[in-house]
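Visitor: I'd like to ask you about the structure that follows.
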Amino acid sequence: MHSNPPSYTVHDAIAAIRNLIEDAQRNGCAGETMSTALIQSTGVRGDVLQSIRESLGDCTRCILSKGRKQIVFGVGNPDADLVVVGEAPGRDEDIQGEPFVGKAGQLLTDILQAIGLSRQDVYICNVVKCRPPENRNPEIEEIETCLPYLQKQIEAIAPKLILTVGKFAAQTLLQTDRPISKLRGCFVDYNGVPLMPTYHPAFLLRNPSAKKEVWEDVKQVHARLSELTGKTYSLKGAK
Ligand code: URA
């Protein structure tokens, strides 16, 4: 027999997690490790992401819905320590329904691998979930319409770190119009989570000399992630 998928709000999920942790503590299991294991084993974050996706439905909240083939919501590990946020789906992403699968996506995958992370380890999403026509920049109204869904995705995953690629992701999450050349390279606080802005891989394809700055930025991500998670990630030499 099939049952309907659970429909949680983020607050329901947080309350459920709190109950699980309190139960575990009453049963003699305490501490961060137990809490993290409980949250992950219950799959709560995946369920919350699914309910956010369902709340988008077959979205027609902005004009981008007219030209898209499909909504590109996000991909990866709901329990990720690192969330990567890009700008908007391009042609390949619109066809495949997955963020960062074209040329820029391959470069992003290589960058992540260079700091010991696979696409399956992290969660990847975009500021806007539908492809802008001819890959134009997303308009302010489109960004504002889609932003609550990105905010909810990040809230559901509760990552240790965020890496934004390109100006739109950094400027949108940080609510600033500072240029990406000034924002990149330093961690900034996003609701208590360190956020590293760096250049977009599509920019690197056009300007390979900027790879050295991105390498400096992601080395900082590697170091901070190791510190925050206590995990060991391999680190390759810069390409
Ligand atoms: N560029 C982005 O910003 N996001 C994608 O998903 C693909 C290309």
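By convention here, the chains of the structure tokens are called A, B, ... in the order presented, each chain's residues are numbered starting at 1, and ligands are numbered starting at 1 in the order presented.
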Excluding stretch 204-218 of chain A and residues on its chain fewer than 2 positions from it, collect all residues at most 10 Å away from it, counting only C-alpha atoms, and give them as a PyMOL selection string.
Guide: chain A and resi 103-104+107-108+111-112+114-115+163+165+181+184-187+196-202+220-224+237-239
Visitor: Hey, can you spit out that residue selection with N, CA and C atoms as an mmCIF file, in the first residue's frame?
Guide:
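Saved result, again.cif, follows:
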data_model
loop_
_atom_site.group_PDB
_atom_site.id
_atom_site.type_symbol
_atom_site.label_atom_id
_atom_site.label_comp_id
_atom_site.auth_asym_id
_atom_site.auth_seq_id
_atom_site.Cartn_x
_atom_site.Cartn_y
_atom_site.Cartn_z
ATOM 1 N N LYS A 103 29.450 22.355 -19.268
ATOM 2 C CA LYS A 103 30.914 22.575 -19.187
ATOM 3 C C LYS A 103 31.321 23.229 -17.874
ATOM 4 N N ALA A 104 30.561 24.257 -17.475
ATOM 5 C CA ALA A 104 30.872 24.929 -16.204
ATOM 6 C C ALA A 104 30.694 23.944 -15.051
ATOM 7 N N LEU A 107 33.670 21.745 -14.660
ATOM 8 C CA LEU A 107 34.753 22.450 -13.963
ATOM 9 C C LEU A 107 34.452 22.539 -12.462
ATOM 10 N N LEU A 108 33.195 22.787 -12.112
ATOM 11 C CA LEU A 108 32.830 22.810 -10.685
ATOM 12 C C LEU A 108 33.111 21.442 -10.043
ATOM 13 N N ILE A 111 36.721 21.175 -9.419
ATOM 14 C CA ILE A 111 37.144 22.036 -8.290
ATOM 15 C C ILE A 111 36.812 21.343 -6.970
ATOM 16 N N LEU A 112 35.605 20.774 -6.905
ATOM 17 C CA LEU A 112 35.212 20.076 -5.672
ATOM 18 C C LEU A 112 36.128 18.874 -5.433
ATOM 19 N N ALA A 114 39.124 18.537 -6.283
ATOM 20 C CA ALA A 114 40.464 19.003 -5.870
ATOM 21 C C ALA A 114 40.531 19.261 -4.367
ATOM 22 N N ILE A 115 39.369 19.485 -3.745
ATOM 23 C CA ILE A 115 39.384 19.653 -2.278
ATOM 24 C C ILE A 115 38.764 18.436 -1.579
ATOM 25 N N LEU A 163 29.386 27.626 -0.232
ATOM 26 C CA LEU A 163 30.253 28.179 -1.276
ATOM 27 C C LEU A 163 29.343 28.747 -2.350
ATOM 28 N N VAL A 165 29.069 30.566 -6.066
ATOM 29 C CA VAL A 165 29.878 30.787 -7.263
ATOM 30 C C VAL A 165 29.196 31.836 -8.138
ATOM 31 N N SER A 181 34.400 40.598 -7.325
ATOM 32 C CA SER A 181 35.862 40.724 -7.191
ATOM 33 C C SER A 181 36.244 41.221 -5.788
ATOM 34 N N ARG A 184 34.852 38.030 -3.057
ATOM 35 C CA ARG A 184 35.482 36.706 -3.050
ATOM 36 C C ARG A 184 36.696 36.679 -2.103
ATOM 37 N N GLY A 185 36.968 35.478 -1.632
ATOM 38 C CA GLY A 185 38.222 35.296 -0.893
ATOM 39 C C GLY A 185 38.111 35.444 0.609
ATOM 40 N N CYS A 186 36.970 35.904 1.111
ATOM 41 C CA CYS A 186 36.811 36.056 2.567
ATOM 42 C C CYS A 186 35.496 35.420 2.986
ATOM 43 N N PHE A 187 35.525 34.709 4.103
ATOM 44 C CA PHE A 187 34.278 34.180 4.635
ATOM 45 C C PHE A 187 33.413 35.322 5.149
ATOM 46 N N MET A 196 31.584 31.395 1.660
ATOM 47 C CA MET A 196 32.725 31.848 0.852
ATOM 48 C C MET A 196 32.244 32.173 -0.558
ATOM 49 N N PRO A 197 32.315 33.441 -0.956
ATOM 50 C CA PRO A 197 31.995 33.760 -2.349
ATOM 51 C C PRO A 197 33.239 33.544 -3.231
ATOM 52 N N THR A 198 33.032 32.957 -4.392
ATOM 53 C CA THR A 198 34.140 32.874 -5.345
ATOM 54 C C THR A 198 33.596 33.085 -6.758
ATOM 55 N N TYR A 199 34.519 33.086 -7.730
ATOM 56 C CA TYR A 199 34.079 33.295 -9.117
ATOM 57 C C TYR A 199 33.302 32.085 -9.629
ATOM 58 N N HIS A 200 32.482 32.341 -10.640
ATOM 59 C CA HIS A 200 31.684 31.290 -11.272
ATOM 60 C C HIS A 200 32.575 30.474 -12.221
ATOM 61 N N PRO A 201 32.363 29.144 -12.259
ATOM 62 C CA PRO A 201 33.177 28.346 -13.188
ATOM 63 C C PRO A 201 33.023 28.776 -14.650
ATOM 64 N N ALA A 202 31.860 29.298 -15.034
ATOM 65 C CA ALA A 202 31.703 29.772 -16.419
ATOM 66 C C ALA A 202 32.634 30.960 -16.677
ATOM 67 N N GLN A 220 40.679 27.670 1.285
ATOM 68 C CA GLN A 220 40.130 28.148 2.569
ATOM 69 C C GLN A 220 38.888 27.346 2.960
ATOM 70 N N VAL A 221 38.077 27.011 1.965
ATOM 71 C CA VAL A 221 36.881 26.189 2.232
ATOM 72 C C VAL A 221 37.325 24.831 2.766
ATOM 73 N N HIS A 222 38.325 24.254 2.128
ATOM 74 C CA HIS A 222 38.853 22.947 2.550
ATOM 75 C C HIS A 222 39.308 23.006 4.007
ATOM 76 N N ALA A 223 40.078 24.031 4.345
ATOM 77 C CA ALA A 223 40.625 24.136 5.708
ATOM 78 C C ALA A 223 39.505 24.336 6.728
ATOM 79 N N ARG A 224 38.571 25.234 6.423
ATOM 80 C CA ARG A 224 37.506 25.537 7.390
ATOM 81 C C ARG A 224 36.554 24.347 7.555
ATOM 82 N N GLY A 237 46.939 19.341 -5.804
ATOM 83 C CA GLY A 237 47.630 20.555 -6.227
ATOM 84 C C GLY A 237 46.743 21.336 -7.187
ATOM 85 N N ALA A 238 46.989 22.653 -7.301
ATOM 86 C CA ALA A 238 46.217 23.487 -8.229
ATOM 87 C C ALA A 238 46.504 23.030 -9.649
ATOM 88 N N LYS A 239 45.456 23.064 -10.525
ATOM 89 C CA LYS A 239 45.658 22.654 -11.923
ATOM 90 C C LYS A 239 46.206 23.812 -12.725
#
Visitor: Once you count only C-alpha atoms and all ligand atoms, which residues end up within 9 Å of ligand 1, and could you hand them over as a compact mmCIF listing (two decimals) with C-alpha atoms, in the first residue's frame?
Guide:
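Generated file (selection18.txt):
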# COMPACT_ATOMS: atom_id res chain seq x y z
CA VAL A 72 16.05 22.46 -11.67
CA GLY A 74 18.93 20.94 -6.58
CA VAL A 85 24.97 27.85 -4.78
CA GLY A 86 25.14 28.95 -8.41
CA GLU A 87 23.14 31.38 -10.51
CA ALA A 88 20.60 29.67 -12.75
CA PRO A 89 20.26 26.55 -14.88
CA GLY A 90 21.66 26.75 -18.41
CA ARG A 91 20.69 24.73 -21.47
CA ASP A 92 22.16 21.41 -20.32
CA GLU A 93 20.68 21.76 -16.83
CA ASP A 94 17.26 22.64 -18.29
CA GLU A 98 20.16 18.81 -12.63
CA PRO A 99 22.33 21.82 -11.73
CA PHE A 100 25.85 22.20 -13.09
CA VAL A 101 25.96 19.38 -15.62
CA GLY A 102 27.35 21.34 -18.60
CA LYS A 103 30.91 22.58 -19.19
CA ALA A 104 30.87 24.93 -16.20
CA GLY A 105 29.45 22.07 -14.16
CA ILE A 124 24.26 21.87 -5.32
CA CYS A 125 21.53 24.34 -6.22
CA ASN A 126 20.96 27.71 -7.85
CA VAL A 127 19.45 31.07 -6.97
CA VAL A 128 16.76 30.66 -9.62
CA LYS A 129 15.39 27.25 -10.46
CA ARG A 131 16.59 28.61 -17.11
CA VAL A 165 29.88 30.79 -7.26
CA GLY A 166 29.42 33.98 -9.24
CA PHE A 168 24.32 36.51 -8.27
CA ALA A 169 24.56 33.85 -5.57
CA HIS A 200 31.68 31.29 -11.27
CA PRO A 201 33.18 28.35 -13.19
CA ALA A 202 31.70 29.77 -16.42
Visitor: Looking at A:Cys146, A:Ala80, A:Ile95, A:Val44, which one is nearest to A:Leu117, with distances taken over only C-alpha atoms?
Guide: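 The shortest atom-to-atom distance to A:Leu117 comes from A:Ala80.
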Visitor: With a distance cut-off of 10 Å and only C-alpha atoms, select the neighbouring residues of A:Arg53, excluding the residue or stretch itself and same-chain residues fewer than 2 positions from it, and output the selection as a list in words.
Guide: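 Residues near the query, excluding close chain neighbours: Asp47, Val48, Leu49, Gln50, Ser51, Ser55, Leu56, Gly57, Asp58, Cys59, Ile71, Val72, Phe73, Gly74, Tyr149 and Gln153 of chain A.
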Visitor: Restricting the output to all heavy atoms, write the selected residues as a CSV table (one decimal), in the first residue's frame.
Guide:
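Result file selection-v3.csv:
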chain,number,residue,atom,x,y,z
A,47,ASP,N,13.5,14.7,3.7
A,47,ASP,CA,12.0,14.8,3.6
A,47,ASP,C,11.6,16.3,3.6
A,47,ASP,O,10.7,16.7,2.9
A,47,ASP,CB,11.4,14.2,4.9
A,47,ASP,CG,11.3,12.7,4.9
A,47,ASP,OD1,11.6,12.1,3.8
A,47,ASP,OD2,11.1,12.1,5.9
A,48,VAL,N,12.4,17.1,4.3
A,48,VAL,CA,12.1,18.6,4.3
A,48,VAL,C,12.3,19.1,2.9
A,48,VAL,O,11.5,19.9,2.3
A,48,VAL,CB,12.8,19.4,5.3
A,48,VAL,CG1,12.6,20.8,5.2
A,48,VAL,CG2,12.5,18.9,6.7
A,49,LEU,N,13.5,18.7,2.3
A,49,LEU,CA,13.8,19.2,0.9
A,49,LEU,C,12.7,18.7,-0.1
A,49,LEU,O,12.3,19.5,-0.9
A,49,LEU,CB,15.1,18.6,0.4
A,49,LEU,CG,16.4,19.3,1.0
A,49,LEU,CD1,17.6,18.5,0.5
A,49,LEU,CD2,16.4,20.7,0.6
A,50,GLN,N,12.2,17.5,0.1
A,50,GLN,CA,11.1,17.0,-0.8
A,50,GLN,C,9.9,17.9,-0.6
A,50,GLN,O,9.2,18.2,-1.6
A,50,GLN,CB,10.9,15.6,-0.4
A,50,GLN,CG,10.0,14.9,-1.5
A,50,GLN,CD,9.6,13.5,-1.0
A,50,GLN,OE1,10.3,12.8,-0.3
A,50,GLN,NE2,8.4,13.1,-1.5
A,51,SER,N,9.6,18.2,0.6
A,51,SER,CA,8.4,19.0,0.8
A,51,SER,C,8.5,20.4,0.3
A,51,SER,O,7.6,21.0,-0.2
A,51,SER,CB,7.9,19.0,2.3
A,51,SER,OG,8.7,19.9,3.1
A,55,SER,N,6.2,22.1,-2.6
A,55,SER,CA,5.6,23.4,-2.4
A,55,SER,C,5.8,24.3,-3.7
A,55,SER,O,5.0,25.2,-3.9
A,55,SER,CB,6.0,24.1,-1.1
A,55,SER,OG,7.3,24.5,-1.3
A,56,LEU,N,6.9,24.0,-4.4
A,56,LEU,CA,7.1,24.7,-5.6
A,56,LEU,C,6.1,24.3,-6.7
A,56,LEU,O,5.7,25.1,-7.5
A,56,LEU,CB,8.5,24.4,-6.2
A,56,LEU,CG,9.6,25.5,-6.1
A,56,LEU,CD1,10.9,24.9,-6.6
A,56,LEU,CD2,9.3,26.7,-6.8
A,57,GLY,N,5.8,23.0,-6.7
A,57,GLY,CA,4.8,22.5,-7.7
A,57,GLY,C,5.3,22.7,-9.1
A,57,GLY,O,6.5,22.7,-9.3
A,58,ASP,N,4.4,23.0,-10.0
A,58,ASP,CA,4.8,23.2,-11.4
A,58,ASP,C,4.8,24.8,-11.5
A,58,ASP,O,4.0,25.4,-12.2
A,58,ASP,CB,3.7,22.6,-12.3
A,58,ASP,CG,4.2,22.6,-13.7
A,58,ASP,OD1,5.4,22.7,-14.0
A,58,ASP,OD2,3.3,22.6,-14.6
A,59,CYS,N,5.8,25.3,-10.8
A,59,CYS,CA,5.8,26.8,-10.6
A,59,CYS,C,5.6,27.7,-11.8
A,59,CYS,O,6.2,27.5,-12.8
A,59,CYS,CB,7.1,27.1,-9.9
A,59,CYS,SG,7.2,28.8,-9.4
A,71,ILE,N,11.9,22.4,-14.0
A,71,ILE,CA,12.5,23.1,-12.8
A,71,ILE,C,13.7,22.3,-12.4
A,71,ILE,O,13.7,21.1,-12.4
A,71,ILE,CB,11.5,23.1,-11.6
A,71,ILE,CG1,10.3,24.0,-12.0
A,71,ILE,CG2,12.1,23.5,-10.3
A,71,ILE,CD1,9.1,23.9,-11.0
A,72,VAL,N,14.8,23.1,-12.1
A,72,VAL,CA,16.0,22.5,-11.7
A,72,VAL,C,16.2,22.8,-10.2
A,72,VAL,O,16.7,23.9,-9.8
A,72,VAL,CB,17.2,23.0,-12.5
A,72,VAL,CG1,18.5,22.3,-12.1
A,72,VAL,CG2,17.0,22.7,-14.0
A,73,PHE,N,15.8,21.9,-9.3
A,73,PHE,CA,15.6,22.3,-7.9
A,73,PHE,C,17.0,22.2,-7.2
A,73,PHE,O,17.3,23.2,-6.5
A,73,PHE,CB,14.6,21.3,-7.3
A,73,PHE,CG,14.4,21.5,-5.8
A,73,PHE,CD1,13.7,22.7,-5.4
A,73,PHE,CD2,14.7,20.6,-4.9
A,73,PHE,CE1,13.5,22.9,-4.1
A,73,PHE,CE2,14.5,20.8,-3.5
A,73,PHE,CZ,13.9,22.0,-3.1
A,74,GLY,N,17.7,21.1,-7.3
A,74,GLY,CA,18.9,20.9,-6.6
A,74,GLY,C,19.3,19.5,-6.5
A,74,GLY,O,18.4,18.6,-6.8
A,149,TYR,N,12.8,29.9,-1.7
A,149,TYR,CA,13.0,28.4,-1.8
A,149,TYR,C,14.5,28.1,-1.6
A,149,TYR,O,14.8,27.1,-1.0
A,149,TYR,CB,12.5,28.0,-3.2
A,149,TYR,CG,11.0,28.2,-3.4
A,149,TYR,CD1,10.5,29.4,-3.9
A,149,TYR,CD2,10.1,27.3,-2.8
A,149,TYR,CE1,9.2,29.7,-4.0
A,149,TYR,CE2,8.7,27.6,-2.8
A,149,TYR,CZ,8.3,28.8,-3.4
A,149,TYR,OH,6.9,29.0,-3.4
A,153,GLN,N,15.9,25.8,1.4
A,153,GLN,CA,16.8,24.6,1.1
A,153,GLN,C,18.0,24.7,2.0
A,153,GLN,O,18.4,23.7,2.7
A,153,GLN,CB,17.3,24.7,-0.4
A,153,GLN,CG,16.3,24.2,-1.4
A,153,GLN,CD,16.8,24.5,-2.8
A,153,GLN,OE1,17.1,25.6,-3.2
A,153,GLN,NE2,16.9,23.4,-3.6
Visitor: As a PyMOL selection string, please: the residues near A:Thr145 (cut-off 12 Å, only C-alpha atoms, same-chain neighbours under 2 positions excluded).
Guide: chain A and resi 56+59-65+127-130+138-143+147-151+172
Visitor: Counting only C-alpha atoms, what is within 9 Å of A:Asn77, bar same-chain residues fewer than 2 positions away, as a ChimeraX atom specification?
Guide: /A:46,75,79-81,119-124,157
Visitor: Produce a file of the selected residues containing C-alpha atoms, as a tab-separated table (two decimals), in the first residue's frame.
Guide:
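The resulting file, part_35.tsv, is shown below:
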chain	number	residue	atom	x	y	z
A	46	GLY	CA	15.69	14.80	2.73
A	75	VAL	CA	20.95	17.77	-6.26
A	79	ASP	CA	22.98	15.99	5.01
A	80	ALA	CA	25.81	17.79	3.22
A	81	ASP	CA	28.35	19.79	5.20
A	119	ARG	CA	29.12	15.85	-6.12
A	120	GLN	CA	27.44	13.20	-3.94
A	121	ASP	CA	29.06	14.64	-0.81
A	122	VAL	CA	27.72	18.16	-1.29
A	123	TYR	CA	24.37	19.72	-2.17
A	124	ILE	CA	24.26	21.87	-5.32
A	157	ILE	CA	20.22	21.21	5.09
